[in-house]
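Raw contents of data_26.cif, mmCIF, C-alpha atoms:
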```cif
data_query
loop_
_atom_site.group_PDB
_atom_site.id
_atom_site.type_symbol
_atom_site.label_atom_id
_atom_site.label_comp_id
_atom_site.auth_asym_id
_atom_site.auth_seq_id
_atom_site.Cartn_x
_atom_site.Cartn_y
_atom_site.Cartn_z
ATOM 1 C CA MET A 53 -47.869 -22.437 85.956
ATOM 2 C CA LYS A 54 -51.221 -22.928 87.661
ATOM 3 C CA LEU A 55 -54.527 -22.066 86.119
ATOM 4 C CA LEU A 56 -57.435 -21.498 88.493
ATOM 5 C CA ILE A 57 -60.834 -22.680 87.310
ATOM 6 C CA GLY A 58 -63.825 -21.204 89.130
ATOM 7 C CA ASP A 59 -67.177 -22.881 89.616
ATOM 8 C CA LYS A 60 -68.944 -20.010 87.823
ATOM 9 C CA ASP A 61 -66.882 -20.040 84.640
ATOM 10 C CA HIS A 62 -64.271 -17.531 85.744
ATOM 11 C CA PHE A 63 -60.590 -18.250 85.188
ATOM 12 C CA ASP A 64 -57.451 -16.804 86.684
ATOM 13 C CA PHE A 65 -53.723 -17.360 87.021
ATOM 14 C CA ASP A 66 -52.435 -18.543 90.354
ATOM 15 C CA ASP A 67 -49.693 -15.943 89.982
ATOM 16 C CA ALA A 68 -48.313 -13.628 87.313
ATOM 17 C CA VAL A 69 -46.798 -15.689 84.490
ATOM 18 C CA LEU A 70 -43.260 -15.188 83.232
ATOM 19 C CA MET A 71 -43.324 -15.087 79.427
ATOM 20 C CA THR A 72 -40.759 -14.528 76.718
ATOM 21 C CA GLN A 73 -41.418 -11.660 74.333
ATOM 22 C CA GLU A 74 -42.674 -14.152 71.734
ATOM 23 C CA GLN A 75 -44.991 -15.909 74.194
ATOM 24 C CA ARG A 76 -46.322 -12.569 75.404
ATOM 25 C CA ASP A 77 -47.056 -11.400 71.854
ATOM 26 C CA LYS A 78 -48.819 -14.674 71.061
ATOM 27 C CA PHE A 79 -50.791 -14.484 74.314
ATOM 28 C CA ILE A 80 -51.954 -10.922 73.573
ATOM 29 C CA ASP A 81 -52.912 -11.875 70.001
ATOM 30 C CA MET A 82 -54.915 -14.824 71.285
ATOM 31 C CA MET A 83 -56.710 -12.681 73.899
ATOM 32 C CA LYS A 84 -57.566 -10.095 71.247
ATOM 33 C CA GLU A 85 -59.043 -12.835 69.119
ATOM 34 C CA LEU A 86 -61.035 -14.263 72.029
ATOM 35 C CA PHE A 87 -62.325 -10.977 73.453
ATOM 36 C CA SER A 88 -63.614 -7.773 71.902
ATOM 37 C CA VAL A 89 -62.105 -5.222 74.281
ATOM 38 C CA VAL A 90 -58.561 -5.891 75.466
ATOM 39 C CA GLN A 91 -56.349 -3.218 76.972
ATOM 40 C CA LEU A 92 -52.681 -3.536 77.894
ATOM 41 C CA GLU A 93 -51.373 -1.852 81.014
ATOM 42 C CA LYS A 94 -47.749 -1.582 82.018
ATOM 43 C CA THR A 95 -47.474 -1.761 85.775
ATOM 44 C CA ASP A 96 -45.184 -2.663 88.639
ATOM 45 C CA LYS A 97 -47.957 -3.508 91.128
ATOM 46 C CA PHE A 98 -48.428 -7.238 91.520
ATOM 47 C CA ARG A 99 -51.879 -8.613 92.264
ATOM 48 C CA LEU A 100 -51.943 -10.709 95.413
ATOM 49 C CA GLU A 101 -55.599 -11.762 95.606
ATOM 50 C CA ARG A 102 -56.730 -14.483 93.241
ATOM 51 C CA LEU A 103 -59.920 -16.177 92.147
ATOM 52 C CA GLY A 104 -61.800 -17.384 95.212
ATOM 53 C CA ASP A 105 -60.111 -14.953 97.612
ATOM 54 C CA LYS A 106 -62.660 -12.184 97.193
ATOM 55 C CA ILE A 107 -65.319 -10.748 94.888
ATOM 56 C CA PHE A 108 -63.531 -8.857 92.152
ATOM 57 C CA ALA A 109 -65.038 -5.632 90.887
ATOM 58 C CA ARG A 110 -63.309 -4.822 87.628
ATOM 59 C CA ASN A 111 -63.548 -1.175 86.613
ATOM 60 C CA TRP A 112 -65.345 -0.545 83.339
ATOM 61 C CA THR A 113 -63.314 1.169 80.648
ATOM 62 C CA THR A 114 -64.862 3.604 78.171
ATOM 63 C CA GLU A 115 -64.421 1.072 75.369
ATOM 64 C CA GLU A 116 -66.201 -1.592 77.419
ATOM 65 C CA LEU A 117 -69.077 0.777 78.165
ATOM 66 C CA LYS A 118 -69.534 1.531 74.490
ATOM 67 C CA TYR A 119 -69.572 -2.177 73.708
ATOM 68 C CA LEU A 120 -71.940 -2.864 76.602
ATOM 69 C CA LEU A 121 -74.483 -0.337 75.427
ATOM 70 C CA GLU A 122 -74.407 -0.822 71.708
ATOM 71 C CA ILE A 123 -74.572 -4.614 71.552
ATOM 72 C CA LYS A 124 -77.962 -6.097 72.247
ATOM 73 C CA ASP A 125 -77.409 -9.788 72.835
ATOM 74 C CA ILE A 126 -76.241 -10.485 76.379
ATOM 75 C CA ASN A 127 -74.331 -13.666 75.502
ATOM 76 C CA THR A 128 -72.309 -11.756 72.901
ATOM 77 C CA ILE A 129 -71.518 -9.062 75.475
ATOM 78 C CA CYS A 130 -70.454 -11.578 78.135
ATOM 79 C CA GLU A 131 -68.259 -13.401 75.650
ATOM 80 C CA GLY A 132 -66.785 -10.228 74.192
ATOM 81 C CA LEU A 133 -65.978 -8.642 77.525
ATOM 82 C CA GLY A 134 -65.124 -11.694 79.612
ATOM 83 C CA ARG A 135 -67.752 -10.705 82.163
ATOM 84 C CA SER A 136 -70.623 -12.646 83.682
ATOM 85 C CA TRP A 137 -74.246 -11.949 82.695
ATOM 86 C CA MET A 138 -74.937 -10.591 86.163
ATOM 87 C CA SER A 139 -72.118 -8.089 85.910
ATOM 88 C CA VAL A 140 -73.393 -7.055 82.471
ATOM 89 C CA ASP A 141 -77.031 -6.750 83.588
ATOM 90 C CA ILE A 142 -76.137 -4.738 86.664
ATOM 91 C CA LYS A 143 -73.914 -2.357 84.720
ATOM 92 C CA ARG A 144 -76.419 -1.951 81.898
ATOM 93 C CA GLY A 145 -79.187 -1.328 84.417
ATOM 94 C CA ALA A 146 -77.114 1.330 86.150
ATOM 95 C CA PHE A 147 -76.231 3.026 82.883
ATOM 96 C CA ILE A 148 -79.620 2.937 81.180
ATOM 97 C CA PRO A 149 -81.333 5.606 83.315
ATOM 98 C CA LEU A 150 -78.303 7.911 83.040
ATOM 99 C CA PHE A 151 -78.360 7.487 79.283
ATOM 100 C CA MET A 152 -82.127 7.938 79.079
ATOM 101 C CA VAL A 153 -82.128 11.069 81.247
ATOM 102 C CA TRP A 154 -79.204 12.494 79.244
ATOM 103 C CA ALA A 155 -80.894 11.764 75.893
ATOM 104 C CA HIS A 156 -84.177 13.192 77.185
ATOM 105 C CA GLU A 157 -82.474 16.409 78.327
ATOM 106 C CA MET A 158 -80.555 16.746 75.070
ATOM 107 C CA GLY A 159 -83.644 15.967 73.006
ATOM 108 C CA TYR A 160 -82.141 12.896 71.289
ATOM 109 C CA ASP A 161 -84.308 10.080 69.951
ATOM 110 C CA ILE A 162 -82.930 6.879 71.469
ATOM 111 C CA VAL A 163 -85.160 4.659 69.370
ATOM 112 C CA HIS A 164 -84.614 6.007 65.873
ATOM 113 C CA GLY A 165 -81.406 7.989 66.358
ATOM 114 C CA ASP A 166 -78.034 6.486 65.506
ATOM 115 C CA ILE A 167 -77.630 4.656 68.820
ATOM 116 C CA LYS A 168 -73.917 4.000 68.324
ATOM 117 C CA SER A 169 -73.014 7.645 67.854
ATOM 118 C CA LEU A 170 -75.402 8.670 70.651
ATOM 119 C CA ILE A 171 -73.670 6.290 73.039
ATOM 120 C CA GLU A 172 -70.279 7.606 71.981
ATOM 121 C CA LYS A 173 -71.473 11.161 72.557
ATOM 122 C CA PHE A 174 -72.921 10.169 75.922
ATOM 123 C CA VAL A 175 -69.749 8.414 77.081
ATOM 124 C CA GLU A 176 -67.634 11.383 75.938
ATOM 125 C CA ASP A 177 -69.931 13.802 77.793
ATOM 126 C CA LYS A 178 -69.721 11.729 80.955
ATOM 127 C CA GLU A 179 -65.942 11.437 80.635
ATOM 128 C CA LEU A 180 -65.729 15.207 80.298
ATOM 129 C CA GLU A 181 -67.949 15.697 83.351
ATOM 130 C CA LYS A 182 -65.777 13.263 85.285
ATOM 131 C CA ARG A 183 -62.630 15.130 84.283
ATOM 132 C CA GLU A 184 -64.222 18.443 85.255
ATOM 133 C CA ARG A 185 -65.303 17.049 88.628
ATOM 134 C CA LYS A 186 -61.786 15.722 89.208
ATOM 135 C CA GLU A 187 -60.298 19.067 88.254
ATOM 136 C CA ALA A 188 -62.716 20.912 90.543
ATOM 137 C CA LYS A 189 -61.920 18.498 93.354
ATOM 138 C CA ARG A 190 -58.214 18.970 92.761
ATOM 139 C CA ASN A 191 -58.663 22.741 92.814
ATOM 140 C CA ASN A 192 -60.625 22.514 96.042
ATOM 141 C CA SER A 193 -58.393 20.083 97.914
ATOM 142 C CA ILE A 194 -57.119 21.428 101.238
ATOM 143 C CA GLU A 195 -53.550 21.512 99.913
ATOM 144 C CA ALA A 196 -54.645 23.489 96.845
ATOM 145 C CA LEU A 197 -56.619 25.933 98.986
ATOM 146 C CA GLN A 198 -53.675 26.377 101.366
ATOM 147 C CA LEU A 199 -51.423 27.097 98.387
ATOM 148 C CA LYS A 200 -53.847 29.752 97.183
ATOM 149 C CA ILE A 201 -53.801 31.354 100.674
ATOM 150 C CA ASN A 202 -50.004 31.332 100.681
ATOM 151 C CA LYS A 203 -49.934 33.096 97.313
ATOM 152 C CA LEU A 204 -52.424 35.697 98.520
ATOM 153 C CA ASN A 205 -50.354 36.250 101.686
ATOM 154 C CA VAL A 206 -47.249 36.860 99.588
ATOM 155 C CA LYS A 207 -49.183 39.362 97.459
ATOM 156 C CA GLN A 208 -50.516 41.093 100.580
ATOM 157 C CA ASP A 209 -47.026 41.273 102.160
ATOM 158 C CA SER A 210 -45.523 42.778 99.038
ATOM 159 C CA ILE A 211 -48.152 45.548 99.026
ATOM 160 C CA TYR A 212 -47.510 46.304 102.715
ATOM 161 C CA ARG A 213 -43.742 46.385 102.121
ATOM 162 C CA ARG A 214 -44.157 48.783 99.194
ATOM 163 C CA ARG A 215 -46.413 51.031 101.264
ATOM 164 C CA ARG A 216 -43.892 51.055 104.146
ATOM 165 C CA VAL A 217 -41.334 52.685 101.841
ATOM 166 C CA GLY A 218 -43.876 55.313 100.815
ATOM 167 C CA LEU A 219 -45.145 53.796 97.536
ATOM 168 C CA LYS A 220 -48.908 53.974 97.934
ATOM 169 C CA TYR A 221 -51.422 53.621 95.120
ATOM 170 C CA ALA A 222 -55.076 54.617 95.137
ATOM 171 C CA GLU A 223 -56.314 51.076 94.444
ATOM 172 C CA ASP A 224 -54.258 49.485 97.267
ATOM 173 C CA GLU A 225 -57.084 49.583 99.813
ATOM 174 C CA LYS A 226 -59.471 47.844 97.464
ATOM 175 C CA ILE A 227 -56.912 45.184 96.499
ATOM 176 C CA LEU A 228 -56.027 44.513 100.157
ATOM 177 C CA SER A 229 -59.671 44.247 101.107
ATOM 178 C CA ASP A 230 -60.277 41.820 98.188
ATOM 179 C CA ILE A 231 -57.293 39.716 99.269
ATOM 180 C CA ASN A 232 -58.594 39.619 102.854
ATOM 181 C CA ALA A 233 -62.024 38.529 101.669
ATOM 182 C CA GLN A 234 -60.508 35.799 99.490
ATOM 183 C CA ILE A 235 -58.321 34.527 102.351
ATOM 184 C CA LEU A 236 -61.320 34.427 104.696
ATOM 185 C CA ASP A 237 -63.335 32.537 102.085
ATOM 186 C CA LEU A 238 -60.531 30.004 101.513
ATOM 187 C CA GLU A 239 -60.034 29.542 105.277
ATOM 188 C CA HIS A 240 -63.730 28.914 105.637
ATOM 189 C CA LYS A 241 -63.575 26.268 102.851
ATOM 190 C CA ILE A 242 -60.587 24.617 104.563
ATOM 191 C CA SER A 243 -62.366 24.502 107.908
ATOM 192 C CA MET A 244 -65.448 22.993 106.247
ATOM 193 C CA GLY A 245 -63.264 20.439 104.453
ATOM 194 C CA SER A 246 -61.362 19.532 107.636
ATOM 195 C CA SER A 247 -64.555 19.000 109.591
ATOM 196 C CA LYS A 248 -65.668 16.473 106.962
ATOM 197 C CA LEU A 249 -62.435 14.487 107.294
ATOM 198 C CA MET B 767 -60.347 -6.357 80.211
ATOM 199 C CA LYS B 768 -56.825 -5.399 81.083
ATOM 200 C CA ILE B 769 -53.713 -7.469 80.636
ATOM 201 C CA LEU B 770 -51.012 -6.369 83.034
ATOM 202 C CA ILE B 771 -47.496 -6.264 81.654
ATOM 203 C CA TYR B 772 -44.490 -6.082 83.959
ATOM 204 C CA GLU B 773 -41.050 -4.875 82.931
ATOM 205 C CA SER B 774 -39.575 -8.021 84.474
ATOM 206 C CA GLY B 775 -41.330 -10.102 81.784
ATOM 207 C CA TYR B 776 -44.298 -11.225 83.859
ATOM 208 C CA VAL B 777 -47.816 -11.027 82.475
ATOM 209 C CA ASP B 778 -51.060 -11.137 84.446
ATOM 210 C CA LEU B 779 -54.776 -10.487 84.196
ATOM 211 C CA GLU B 780 -56.225 -7.494 86.026
ATOM 212 C CA ALA B 781 -58.843 -9.784 87.598
ATOM 213 C CA PRO B 782 -60.373 -13.213 86.935
ATOM 214 C CA ILE B 783 -62.202 -13.357 83.611
ATOM 215 C CA TYR B 784 -65.379 -15.050 82.534
ATOM 216 C CA MET B 785 -65.030 -17.434 79.588
ATOM 217 C CA THR B 786 -67.343 -19.661 77.649
ATOM 218 C CA GLN B 787 -66.292 -23.281 77.304
ATOM 219 C CA ALA B 788 -65.230 -22.644 73.698
ATOM 220 C CA GLN B 789 -63.064 -19.685 74.724
ATOM 221 C CA PHE B 790 -61.545 -21.694 77.554
ATOM 222 C CA GLU B 791 -60.578 -24.534 75.197
ATOM 223 C CA ILE B 792 -58.525 -22.110 73.075
ATOM 224 C CA PHE B 793 -57.049 -20.464 76.187
ATOM 225 C CA LYS B 794 -56.136 -23.867 77.643
ATOM 226 C CA LYS B 795 -54.599 -25.049 74.375
ATOM 227 C CA PHE B 796 -52.349 -21.988 74.240
ATOM 228 C CA PHE B 797 -50.992 -22.591 77.738
ATOM 229 C CA GLU B 798 -50.607 -26.319 77.249
ATOM 230 C CA GLU B 799 -48.535 -25.660 74.121
ATOM 231 C CA ASN B 800 -46.344 -23.057 75.790
ATOM 232 C CA PHE B 801 -46.128 -23.987 79.494
ATOM 233 C CA HIS B 802 -46.451 -26.855 81.883
ATOM 234 C CA VAL B 803 -49.929 -26.311 83.293
ATOM 235 C CA ASP B 804 -51.596 -27.532 86.477
ATOM 236 C CA TYR B 805 -55.291 -26.943 86.912
ATOM 237 C CA ILE B 806 -56.797 -26.012 90.256
ATOM 238 C CA GLU B 807 -60.540 -25.888 90.774
ATOM 239 C CA LYS B 808 -61.730 -23.116 93.053
ATOM 240 C CA ILE B 809 -65.002 -22.037 94.621
ATOM 241 C CA GLU B 810 -65.574 -18.434 93.650
ATOM 242 C CA ALA B 811 -66.317 -15.832 96.299
ATOM 243 C CA THR B 812 -69.945 -14.694 96.150
ATOM 244 C CA ARG B 813 -72.062 -12.094 97.825
ATOM 245 C CA LYS B 814 -74.268 -13.228 100.670
ATOM 246 C CA SER B 815 -77.824 -13.373 99.436
ATOM 247 C CA GLY B 816 -79.892 -10.457 100.660
ATOM 248 C CA THR B 817 -82.696 -10.862 103.125
ATOM 249 C CA ARG B 818 -85.925 -10.810 101.229
ATOM 250 C CA ASN B 819 -88.913 -9.470 103.072
ATOM 251 C CA GLY B 820 -92.292 -10.128 101.575
ATOM 252 C CA ASP B 821 -93.297 -12.096 98.531
ATOM 253 C CA PHE B 822 -91.830 -12.048 95.057
ATOM 254 C CA LYS B 823 -93.490 -9.267 93.100
ATOM 255 C CA GLU B 824 -94.510 -10.022 89.553
ATOM 256 C CA TRP B 825 -93.554 -7.471 86.907
ATOM 257 C CA THR B 826 -96.653 -5.961 85.396
ATOM 258 C CA LEU B 827 -97.060 -4.105 82.105
ATOM 259 C CA GLU B 828 -97.244 -0.833 84.113
ATOM 260 C CA ASP B 829 -93.922 -1.735 85.738
ATOM 261 C CA TYR B 830 -92.299 -2.239 82.336
ATOM 262 C CA LEU B 831 -93.679 1.098 81.175
ATOM 263 C CA ALA B 832 -92.140 2.750 84.233
ATOM 264 C CA LEU B 833 -88.734 1.255 83.386
ATOM 265 C CA LEU B 834 -88.778 3.297 80.187
ATOM 266 C CA GLU B 835 -89.221 6.602 81.987
ATOM 267 C CA PRO B 836 -86.167 8.865 82.188
ATOM 268 C CA ILE B 837 -85.958 8.545 85.981
ATOM 269 C CA ASP B 838 -82.988 7.334 87.989
ATOM 270 C CA ASN B 839 -83.053 3.879 89.580
ATOM 271 C CA LEU B 840 -83.340 5.063 93.180
ATOM 272 C CA ARG B 841 -86.366 7.250 92.575
ATOM 273 C CA LEU B 842 -87.983 4.589 90.448
ATOM 274 C CA ALA B 843 -87.359 1.986 93.164
ATOM 275 C CA ALA B 844 -89.086 4.203 95.720
ATOM 276 C CA LYS B 845 -91.952 4.900 93.334
ATOM 277 C CA MET B 846 -92.453 1.208 92.548
ATOM 278 C CA ASP B 847 -91.714 -0.099 96.032
ATOM 279 C CA ARG B 848 -88.922 -2.340 94.757
ATOM 280 C CA THR B 849 -85.228 -2.554 95.508
ATOM 281 C CA GLU B 850 -82.768 -0.440 93.543
ATOM 282 C CA MET B 851 -80.934 -3.623 92.525
ATOM 283 C CA GLY B 852 -84.192 -5.166 91.291
ATOM 284 C CA ILE B 853 -84.837 -2.112 89.099
ATOM 285 C CA ARG B 854 -81.269 -2.039 87.881
ATOM 286 C CA MET B 855 -81.252 -5.669 86.834
ATOM 287 C CA LYS B 856 -84.645 -5.552 85.172
ATOM 288 C CA ARG B 857 -83.701 -2.409 83.259
ATOM 289 C CA GLY B 858 -80.466 -4.083 82.198
ATOM 290 C CA GLN B 859 -82.393 -7.044 80.819
ATOM 291 C CA PHE B 860 -85.311 -5.223 79.258
ATOM 292 C CA VAL B 861 -84.712 -1.675 78.046
ATOM 293 C CA PHE B 862 -82.201 -2.097 75.231
ATOM 294 C CA ASP B 863 -83.934 -5.184 73.866
ATOM 295 C CA PHE B 864 -87.187 -3.289 73.864
ATOM 296 C CA LEU B 865 -85.725 -0.182 72.196
ATOM 297 C CA ALA B 866 -84.141 -2.311 69.480
ATOM 298 C CA TRP B 867 -87.463 -4.084 68.907
ATOM 299 C CA MET B 868 -89.296 -0.726 68.728
ATOM 300 C CA LYS B 869 -86.887 0.439 66.066
ATOM 301 C CA THR B 870 -87.564 -2.614 63.919
ATOM 302 C CA LYS B 871 -91.290 -1.960 64.297
ATOM 303 C CA GLY B 872 -90.986 1.762 63.562
ATOM 304 C CA TYR B 873 -92.542 2.700 66.931
ATOM 305 C CA SER B 874 -91.599 5.782 68.937
ATOM 306 C CA LEU B 875 -91.556 6.671 72.624
ATOM 307 C CA PRO B 876 -93.739 7.090 74.633
ATOM 308 C CA VAL B 877 -95.446 3.729 74.286
ATOM 309 C CA ASP B 878 -98.489 2.221 75.944
ATOM 310 C CA LYS B 879 -99.270 -1.116 77.588
ATOM 311 C CA ALA B 880 -100.455 -2.624 74.317
ATOM 312 C CA THR B 881 -96.991 -2.109 72.799
ATOM 313 C CA ILE B 882 -95.316 -3.771 75.793
ATOM 314 C CA ARG B 883 -97.785 -6.653 75.530
ATOM 315 C CA GLU B 884 -97.027 -6.950 71.823
ATOM 316 C CA PHE B 885 -93.280 -7.063 72.586
ATOM 317 C CA PHE B 886 -93.703 -9.860 75.103
ATOM 318 C CA GLY B 887 -96.137 -11.636 72.833
ATOM 319 C CA GLU B 888 -93.417 -11.816 70.227
ATOM 320 C CA ASN B 889 -90.686 -12.609 72.718
ATOM 321 C CA GLU B 890 -92.817 -15.163 74.568
ATOM 322 C CA ALA B 891 -91.820 -14.344 78.125
ATOM 323 C CA ILE B 892 -92.248 -11.723 80.793
#
```
The structure given in the file should be rewritten as structure tokens.
Amino acid sequence: MKLLIGDKDHFDFDDAVLMTQEQRDKFIDMMKELFSVVQLEKTDKFRLERLGDKIFARNWTTEELKYLLEIKDINTICEGLGRSWMSVDIKRGAFIPLFMVWAHEMGYDIVHGDIKSLIEKFVEDKELEKRERKEAKRNNSIEALQLKINKLNVKQDSIYRRRRVGLKYAEDEKILSDINAQILDLEHKISMGSSKL
Amino acid sequence: MKILIYESGYVDLEAPIYMTQAQFEIFKKFFEENFHVDYIEKIEATRKSGTRNGDFKEWTLEDYLALLEPIDNLRLAAKMDRTEMGIRMKRGQFVFDFLAWMKTKGYSLPVDKATIREFFGENEAI
């Protein structure tokens, strides 16, 4: 196997390494001893680019963010996370105002409050917001909107079919007008979404 | 950090990792005991340095006070006539250290310039 040694203290494998179960367990144990936040991910996607090929931007996990914000000493953070001081400074600097604004709005004392639990609360809040945004985005995707239109069309058709055989209800007109308004609204959203693409 | 595990028995890192020399010695020892290892030295990819217009701006006590305001980095950058990255990095270096120091001193927000001066007096560097 080949181990790549960078000029700025980063290390990488030249390629994925084939390990026996025992070697893999030992490797994971060692990494957990060396670093504070280690996550395992089962995958089938191989990484082609290696150290030196590009600038890597590793996503920050929730656990890493908690560690980043609650530990003061930058060397400890870099060592614990396996990230450079610049990466740590930049991430901390991006997070600090969000945290400060959040704490200010919620009325929390970031100096004398229990900073660890505040950070946990903050990260959970942000995770929730992220999930809600994702959900809203999913609900507003063009495919989702088209599906909603299809369902409304089916509902509309069934009312018309019923009325054609003489089954008319007093509220039909209102329901049909509501359905029409909803379809128009969804079509408008789709056209706005398409124009952005 | 993430360790990638493949069903085929391969193991990988999600991305290159930063290690101290002491960490690397342990890492190296593990691989030397378990595998035949070759070492390859590489130049890491780096961002091109930005074009700096104008002179380096010193950070004043007022600037440090502004970093403690609950304002986002972009607005603060505009207000202070600095780059967003400059604000981000300075906040990353300063704010948590300062808050931790305040706690030990029993101070509360908002603070004034004298408190910032006291902090740097004790920490010996701006």
Next item on the list: At a cut-off of 7 Å, list the chain B residues touching chain A, using only C-alpha atoms, as a ChimeraX atom specification.
Entry: /B:767-772,775-778,781-786,789,801-812,836-839,854-859,862-863,865,868-869,874
Next item on the list: Calculate how many Å separate atom CA of A:Lys182 from atom CA of A:Ala196, rounding to one decimal.
Entry: 19.0 Å
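Atom CA of A:Glu179 is found 26.8 Å from atom CA of A:Lys241.
Taking atom CA of A:Lys173 and atom CA of B:Glu780 as endpoints, the distance between them is 27.6 Å.
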Listed atoms of stretch 825-843 of chain B boxed along x, y and z, 8 Å each side, centre and edge lengths in Å, one decimal, as JSON:
```
{"center_x": -90.1, "center_y": 0.7, "center_z": 86.7, "size_x": 30.3, "size_y": 32.3, "size_z": 29.0}
```
Check: What do you get, as a ChimeraX atom specification, if you spell out every residue that the PyMOL selection byres ((chain A and resi 204) around 12) selects here?
Finding: /A:197-203,205-211,227-239
Next item on the list: Identify all residues satisfying the PyMOL selection byres ((chain B and resi 846) around 12) in the given file; provide them as a count of residues only.
Entry: 24
Margin query: Given only C-alpha atoms as the basis, pick out the residue of B:Ala866, B:Leu827, B:Val861, B:Met851 nearest to B:Thr881.
Written below: B:Leu827
